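Q: Have a look at this one before I ask anything.
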Amino acid sequence: MSTATTAPDRSPERPRATPSRRSRPRPDRPRSRASTSLTVAMGLMLAYTLVPLLWLLMSSTKNSQSLFDSFGLWFGHGFSFFHNVHEVLTYDNGIYVRWLGNTVLYAVVGAGGAAALAALGGYGLAKYEFRGKRAVFGAVIGAITVPATALAVPTYLLYSKIGIVNTPWAVIIPALASPFGLYLMRVYALEAVPDSLLEAARIDGASELRTFFTISLRLLAPGFVTVLLFTLVATWNNYFLPLIVLNNPKWFPLTVGLSQWNTQTTGPQTGATLDLYPMVITGSLLAIVPLVVAFLLLQRYWQSGLAAGSVKQ
Amino acid sequence: MLFVSPFLLAFAFAIAAPLAYAAYLSLFRQGLVGGNMFVGLDNYRRALSDTLLHAGLIRVALFLAVQVPIMLGLALLAALALDSGRLRWAALFRIGIFIPYAVPGVVAALMWGYLYGPRFGLVHQIGTHLGLPLPDLLSHSWMLASLGNITTWEYTGYNMLILYAALRSVPYELYEAAEVDGAGEIRKAVSLKIPALRQALLLCTIFSIIGSFQLFNEPNVIQALAPGVISTNYTPNMYAFNLAFNGQEFNYSAAIAVVLGGITAVVAYAVQLWTNRQERAL
Amino acid sequence: MDTSRRSLRPSTRTATRTVLALSAALTLSLTAACSSSSSGNGAANPAAAKSSAADALTTPTTLTFWTWVPSIQTTVDAFEKKYPNIKVNVVNAGQSAAEYTKLQTAIKAGSGAPDVAQIEYFALPQFALSKQVVDLTAYGAASLKSSYTPSAWNQVALQGGIYGYPQDTGPLTMFYRTDIFKSLGLTAPTTWDEFAADAAKIHAADPTHYITSIDPGDAGGVDSLIWQAGGKPYQTTGSTSVTVNLKDSGSAKFATLWTSLLSKKLVDPTPGWTTDWWKSMGSGKYAMWIAGAWAPGSLETTIAATKGKWAAAPVPQWTAGANASAENGGSSDAVVSTSTHKAAAAAFAAWLNSSTEGATSLNSIGLFPATTGLLDSSAFLDQTFPFFNGQKANQVFAASSKAVTAGWQYLPYQVYANSVFKDSVGQAITNGSDLSTALGSWQTAISQYGTQQGFTVANG
């Protein structure tokens, strides 16, 4: 439903055929005089987003005692960052590293697979006619509105019947379907892959699959990276489904593991040698880093991919 | 079709089959005593008259009505500022404001929970330093605002980027024409940019509506800090969760899920319809 | 979602304390227990049960054990060393309600459930009713009855069967700050009247200080206070009829006292176990904590700086000179119905909780014992606690264990009942409104749910 029902070519201004290839329309640098008041206002907003993260960073350098009695936005007594990191990485035979590995596995296979399937599917929907196309697209988009929380139990019961509960598949398979990714790729493919190019390839006798891999895929790259990053975030941050479908901590992703550590701080079993508060905090910090790095490194791609997906409906 | 089928296969396994199964489950009732029986639409009738469910729905509707405009307003202002070309260090702001999106919802809620602590949390520490008597952010009257703040923090940057990306693809020539006419940045923003953002704003609004109706992680984490404020039916999703997992009422919970999905779809569709009508009226 | 989150999570205590001395004491008492019970009133043939257990323990088997006790691997290692044919995988599948969710879903799905699971006493009737855990009578459990305290045994002997072995208990105890009481010229309260008077004095001396806190999310804590006041709000008759009466005399005593304290702001309605709460505990903002005998480990590790300032004492009484106590939390280990190695699982659970080595080892990692052998041994009773300034605190705990009021029962759907506690009683605690009314609303919610689930529910 929703956005899908707006026909793609109703968009009033369509500036270009291949959004990704064009150089940036306007320079990033201030053209005219920079406005100080604007910069200050944005600075306040930046402070709002970064202060909690600064707190997280500062807190990761503290031990429990210091966490309780020092000011949140500055260092406490002593510098326990490396100690905390060491604790996080080695506690319970290095279970955190295992969780990190699981998360990477789910992210690479789940998010990578989701982006690939969405690219294929979006391309197919954009460039080919087949019976029931509108129905397929409508159903897929409508599915976005169903609360994931509510699907968890039926998913669990179904998956246990086919025997994949408590295995990585129970996390990966649900991650493979990204309706939003499909939507974005369809919009992107409409824009980025000119029909004339496909025609030319067909005349040359290339098979559809070959055309896709040799010509279209390259054109779709920025859109693909955008979808990849969003599915990456979705898988990396996935909490609820893995919580339900996994029983064995050996298969937990970071979110579920960290939250289990956290519940242990809220019960009396915080053991003598464990200092779980700093571990939850430092573990959270470490869990964020890979995603931030991925976003920074792939900036150039996803920004242009996003541009196409957001305007053209 | 060849290209679409792998996606459809995944879709069938991941979403369609569980959804169909949920719909199927919602037609039964299984008590701790008495076994499983077919009850038709009884669970839906129960949902219609369930005041606990209604209270949750009204709460998320209120949340939606206040939080979404604030968040999208902030995102829009930030996107316009980034696009105005009159901002120093634009790249820094763009990434900095976006970063919270990369923080898992559970972690974000945990972190804000620490910050909100009424006696020793950071907000309280700062309030004491400045000599300001700050309210208890975890109290009944402030809770919805505190939760709204968490989601605003998480998603403003994300929405800002979508809007900013849309702005960047508005043809440059349009601006040049406006500049020749002597239009200032603010006028350009109001008369040119915001109309051009209509579709992107619609997309953001619809995703925010879906997100609001599904509100779960944030109140669920904060509940441990304020059990007397966040009830088990605080949001419809929490209600369904508690029924299913603490109450073993999988069937009624499945019915609530279906109802919730339906309501979300209707509201999202209504917003789109309304926007299209506005567009036609222009 | 996890109202019961603090019902009883034992804590890891630092040292292995007096393991050796205890082992010696236990060997004697357990041998005695076993030989006395072999005269046999068990439902199954004890000899046959014993031999099947022996068989099961010599057949190579891998068991899965769900528990959230942090250092229990030590005890399990000892078991594996003794019975090398049995391999036990210890899995922390979450604690309390989180674990029950998984357990129930896994049993319903028919795969993924463990062989043995830790289940708190309040949740056990629900699993027993739906036969999701096994009646251990067939595995000779009845012969172990005399090894356990009556209050622990009564919580696993349900619905005509025995559905688990008691792993630990939490006899209610008053932990108080001697320095605070001393500085105000007070002695530890022995009755609730004195408690109320002290509450006023402590708050008057410093308006940021309170005698204690009460947790708006902890149904188990309120249940314990009602239990100690002689209330029996939940009763099960037969398998499908329950009575819910949160207006009985015990509940009323609780409601009147705490409504008055809360409305005068003499106790602090703050959720427990949060950073804020621990800071308050550590800074002397609270003068006491009423909790199960599992509490010392938590105190020692989380607020180590207050070492020597605390003492343990019996809970205040409703009648001067009386001696009534209650349980707060505690867990059993049950054999799950989907297990394919039930005999080995039952033998493992029996060894873990009632054998000399098992029980002693569990105590050394911080669990308060459920076995009479340990509770009566002089090595246990004479142990000194540096955190309590050298007090022999186990004597207080053991006395509380003996004084637990008999006849308490939980509902066969207590997990849900506890989860909605915060919606009515929790809100009243937070707002300082009438607890009797709130208990009434809770009762209504519990009764409605029970009826929906097919129970016959009576009130009062």
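Quick note on naming: the chains in the structure tokens go A, B, ... in the order shown, residues restart at 1 in each chain, and ligands are numbered from 1 in order of appearance.
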Which residues are close to Gly35 in chain B, i.e. within 10 Å by only C-alpha atoms, leaving aside same-chain residues fewer than 3 positions away? Reply as a PDB file with C-alpha atoms, in the first residue's frame.

A:
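Okay, this is what ended up in result11.pdb:
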```pdb
ATOM      1  CA  ARG B  29      -8.494 -20.087  21.776  1.00  0.00           C
ATOM      2  CA  GLN B  30      -6.387 -22.250  24.033  1.00  0.00           C
ATOM      3  CA  GLY B  31      -6.664 -21.915  27.773  1.00  0.00           C
ATOM      4  CA  LEU B  32      -4.370 -23.420  30.395  1.00  0.00           C
TER       5      LEU B  32
ATOM      6  CA  GLN C 453      -7.976 -19.552  30.812  1.00  0.00           C
ATOM      7  CA  GLY C 454     -10.723 -21.951  31.825  1.00  0.00           C
TER       8      GLY C 454
END
```

Q: Can you list every residue in range 37-256 of chain B that DSSP puts in alpha helix (DSSP H), as a PyMOL selection string?

A: chain B and resi 42-48+51-83+90-98+105-116+122-130+143-168+172-180+185-188+194-196+198-213+217-222+236-245+250-256

Q: Any chance you can output those residues with C-alpha atoms as a compact mmCIF listing (two decimals), in the first residue's frame?

A:
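New file selection-v3.txt:
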```txt
# COMPACT_ATOMS: atom_id res chain seq x y z
CA ASP B 42 -14.26 -14.04 19.13
CA ASN B 43 -10.73 -12.78 19.68
CA TYR B 44 -11.46 -9.80 17.43
CA ARG B 45 -14.67 -9.08 19.27
CA ARG B 46 -12.72 -9.15 22.49
CA ALA B 47 -10.19 -6.71 21.04
CA LEU B 48 -12.98 -4.30 20.15
CA THR B 51 -10.14 -1.18 27.35
CA LEU B 52 -6.52 -2.10 28.08
CA LEU B 53 -5.80 -2.36 24.37
CA HIS B 54 -7.64 0.89 23.68
CA ALA B 55 -5.64 2.71 26.34
CA GLY B 56 -2.44 1.59 24.64
CA LEU B 57 -3.69 2.64 21.22
CA ILE B 58 -4.69 6.07 22.48
CA ARG B 59 -1.29 6.46 24.08
CA VAL B 60 0.63 5.66 20.90
CA ALA B 61 -1.74 7.91 18.93
CA LEU B 62 -0.89 10.75 21.29
CA PHE B 63 2.78 9.90 21.03
CA LEU B 64 2.46 9.88 17.26
CA ALA B 65 0.66 13.21 17.14
CA VAL B 66 3.33 14.98 19.18
CA GLN B 67 6.61 13.18 18.61
CA VAL B 68 6.45 12.67 14.84
CA PRO B 69 5.88 16.35 13.95
CA ILE B 70 8.66 17.44 16.32
CA MET B 71 11.09 14.89 14.97
CA LEU B 72 10.28 15.54 11.31
CA GLY B 73 10.31 19.31 11.95
CA LEU B 74 13.81 19.07 13.40
CA ALA B 75 14.89 16.78 10.58
CA LEU B 76 13.50 19.18 8.00
CA LEU B 77 15.21 22.21 9.55
CA ALA B 78 18.49 20.34 9.73
CA ALA B 79 18.18 19.15 6.13
CA LEU B 80 17.42 22.70 4.93
CA ALA B 81 20.37 24.01 6.92
CA LEU B 82 22.68 21.43 5.38
CA ASP B 83 21.37 22.27 1.95
CA ALA B 90 28.36 20.71 6.86
CA ALA B 91 29.87 17.24 6.46
CA LEU B 92 30.56 17.04 10.19
CA PHE B 93 26.98 17.97 11.04
CA ARG B 94 25.60 15.56 8.50
CA ILE B 95 27.41 12.56 9.91
CA GLY B 96 27.27 13.65 13.55
CA ILE B 97 23.52 14.06 13.62
CA PHE B 98 23.06 10.80 11.75
CA GLY B 105 17.46 0.69 19.87
CA VAL B 106 18.03 -1.45 22.92
CA VAL B 107 21.39 0.16 23.61
CA ALA B 108 19.96 3.65 23.06
CA ALA B 109 17.18 3.00 25.55
CA LEU B 110 19.59 1.56 28.12
CA MET B 111 21.83 4.58 27.76
CA TRP B 112 19.04 7.14 28.11
CA GLY B 113 17.73 5.15 31.05
CA TYR B 114 21.03 5.75 32.84
CA LEU B 115 20.91 9.42 31.88
CA TYR B 116 17.35 9.86 33.20
CA LEU B 122 23.45 12.77 34.03
CA VAL B 123 20.41 14.99 33.46
CA HIS B 124 20.01 15.32 37.18
CA GLN B 125 23.74 15.97 37.65
CA ILE B 126 23.63 18.80 35.13
CA GLY B 127 20.47 20.19 36.69
CA THR B 128 22.12 20.25 40.11
CA HIS B 129 25.25 21.92 38.72
CA LEU B 130 23.15 24.67 37.19
CA MET B 143 7.33 9.48 30.74
CA LEU B 144 5.83 9.90 27.28
CA ALA B 145 8.03 12.92 26.67
CA SER B 146 11.10 11.02 27.85
CA LEU B 147 10.33 8.14 25.51
CA GLY B 148 9.66 10.60 22.71
CA ASN B 149 13.07 12.10 23.32
CA ILE B 150 14.73 8.72 22.89
CA THR B 151 13.05 8.02 19.55
CA THR B 152 13.67 11.59 18.40
CA TRP B 153 17.32 11.18 19.27
CA GLU B 154 17.53 7.91 17.37
CA TYR B 155 15.71 8.85 14.19
CA THR B 156 16.06 12.59 13.54
CA GLY B 157 19.34 12.09 11.71
CA TYR B 158 17.93 9.28 9.61
CA ASN B 159 14.99 11.40 8.48
CA MET B 160 17.27 14.38 7.99
CA LEU B 161 19.37 12.38 5.57
CA ILE B 162 16.41 11.20 3.53
CA LEU B 163 15.16 14.78 3.25
CA TYR B 164 18.61 16.13 2.54
CA ALA B 165 19.16 13.56 -0.18
CA ALA B 166 15.86 14.57 -1.73
CA LEU B 167 16.86 18.24 -1.64
CA ARG B 168 20.11 17.49 -3.36
CA TYR B 172 19.95 23.37 -9.56
CA GLU B 173 18.46 25.48 -12.34
CA LEU B 174 15.36 26.06 -10.26
CA TYR B 175 17.43 27.71 -7.57
CA GLU B 176 19.33 29.80 -10.00
CA ALA B 177 16.12 31.11 -11.39
CA ALA B 178 14.96 31.98 -7.89
CA GLU B 179 18.24 33.68 -7.10
CA VAL B 180 17.94 35.80 -10.18
CA GLU B 185 17.37 31.48 1.56
CA ILE B 186 14.27 31.43 3.70
CA ARG B 187 11.98 32.25 0.83
CA LYS B 188 13.68 29.68 -1.32
CA ILE B 194 9.54 22.28 0.93
CA PRO B 195 7.13 21.67 -1.96
CA ALA B 196 9.83 19.66 -3.68
CA ARG B 198 6.53 16.53 -0.50
CA GLN B 199 7.12 12.93 -1.52
CA ALA B 200 10.14 12.46 0.72
CA LEU B 201 8.25 13.93 3.68
CA LEU B 202 5.39 11.58 2.98
CA LEU B 203 7.78 8.65 3.03
CA CYS B 204 9.27 9.79 6.34
CA THR B 205 5.84 10.35 7.84
CA ILE B 206 4.60 6.93 6.88
CA PHE B 207 7.66 5.21 8.29
CA SER B 208 7.34 7.21 11.50
CA ILE B 209 3.69 6.23 11.81
CA ILE B 210 4.60 2.58 11.44
CA GLY B 211 7.39 3.00 13.97
CA SER B 212 5.13 4.70 16.51
CA PHE B 213 2.48 2.00 16.36
CA ASN B 217 11.95 -1.58 22.74
CA GLU B 218 12.23 1.80 24.42
CA PRO B 219 9.33 1.51 26.89
CA ASN B 220 10.21 -2.13 27.50
CA VAL B 221 13.74 -1.26 28.58
CA ILE B 222 12.67 1.79 30.60
CA PRO B 236 -0.30 -2.19 22.06
CA ASN B 237 2.85 -4.07 21.15
CA MET B 238 3.87 -4.42 24.80
CA TYR B 239 0.37 -5.60 25.59
CA ALA B 240 0.52 -8.27 22.90
CA PHE B 241 3.97 -9.28 24.11
CA ASN B 242 2.89 -9.68 27.72
CA LEU B 243 -0.23 -11.62 26.75
CA ALA B 244 1.77 -14.00 24.61
CA PHE B 245 4.84 -14.50 26.73
CA PHE B 250 -0.87 -16.67 21.84
CA ASN B 251 -4.19 -16.65 20.05
CA TYR B 252 -5.51 -13.36 21.36
CA SER B 253 -2.05 -11.87 20.98
CA ALA B 254 -2.05 -12.90 17.31
CA ALA B 255 -5.42 -11.21 16.86
CA ILE B 256 -4.04 -8.01 18.37
```

Q: Pick the closest to chain C from A:Ile288, A:Met185, A:Val153, A:Val85: which is it, counting only C-alpha atoms?

A: A:Val153

Q: Using only C-alpha atoms, which residue out of C:Phe387, C:Ser71, C:Ala142, C:Ile226 lies closest to Gly160 in chain C?

A: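 Using only C-alpha atoms, the shortest distance to Gly160 in chain C belongs to C:Ala142.
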
Q: Which value, in Å to one decimal, gives the distance between CA of Tyr183 in chain A and CA of Val146 in chain A?

A: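 Interatomic distance, CA of Tyr183 in chain A to CA of Val146 in chain A: 16.2 Å.
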
Q: What is the CA of Tyr159 in chain A-CA of Leu105 in chain A distance in Å, reported with one decimal?

A: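 Pair CA of Tyr159 in chain A / CA of Leu105 in chain A returns 19.6 Å.
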
Q: Which residues are near range 60-69 of chain A? Cut-off 8 Å, only C-alpha atoms, ignore same chain within fewer than 5 positions. Put them as an NGL selection string.

A: (:A and (75-82 or 84 or 275 or 277-278 or 281-282 or 285)) or (:B and (120)) or (:C and (275 or 279))

Q: Of the candidates C:Lys309, C:Lys232, C:Lys182, C:Lys131, which shows the shortest atom-to-atom distance to Gln409 in chain C, using only C-alpha atoms?

A: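 Under the stated criterion, the closest residue is C:Lys232.
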
Q: Identify, on the basis of only C-alpha atoms, every residue whose closest approach to His341 in chain C does not exceed 9 Å; exclude the query and any residue fewer than 2 positions from it along the same chain; express the result as a list in words.

A: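 So the residues in contact are Ala56, Thr61, Thr62, Leu63, Asp115, Ser339, Ala343, Ala344, Ala345 and Ala346 of chain C.
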
Q: With only C-alpha atoms as the counted atoms, please give the residues lying no more than 8 Å from Val415 in chain C, apart from itself and same-chain residues fewer than 5 positions off, as JSON, numbers by chain.

A: {"B": [246, 247], "C": [97, 122, 123, 126]}

Q: If you run DSSP on this backbone, which residues of range 92-180 of chain C come out as strand (DSSP E or B), and could you give them as an MDAnalysis selection string?

A: chainID C and resid 116:120 133 148 157:158 161:162 165:177

Q: Could you please tell me, as a ChimeraX atom specification, which residues of chain A have an atom within 12 Å of chain C when using only C-alpha atoms?

A: /A:64-69,91-92,152-167,242-252,256-278

Q: Can you check which residues of chain C have any atom within 6 Å of chain B? Use only C-alpha atoms and format it as a ChimeraX atom specification.

A: /C:101,216-217,416,422-423,426-427,430,453-454

Q: One number please: CA of Ser424 in chain C to CA of Ser436 in chain C, in Å, one decimal.

A: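 Rounded to one decimal, the two atoms are 10.5 Å apart.
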
Q: Excluding Phe180 in chain A and any residue of its chain fewer than 5 positions from it, enumerate the residues within 9 Å of it, using only C-alpha atoms, and give them as a list of chain:residue names.

A: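 Near Phe180 in chain A, the qualifying residues are A:Ala118, A:Val140, A:Ile141, A:Ile144, A:Met185, A:Val227.
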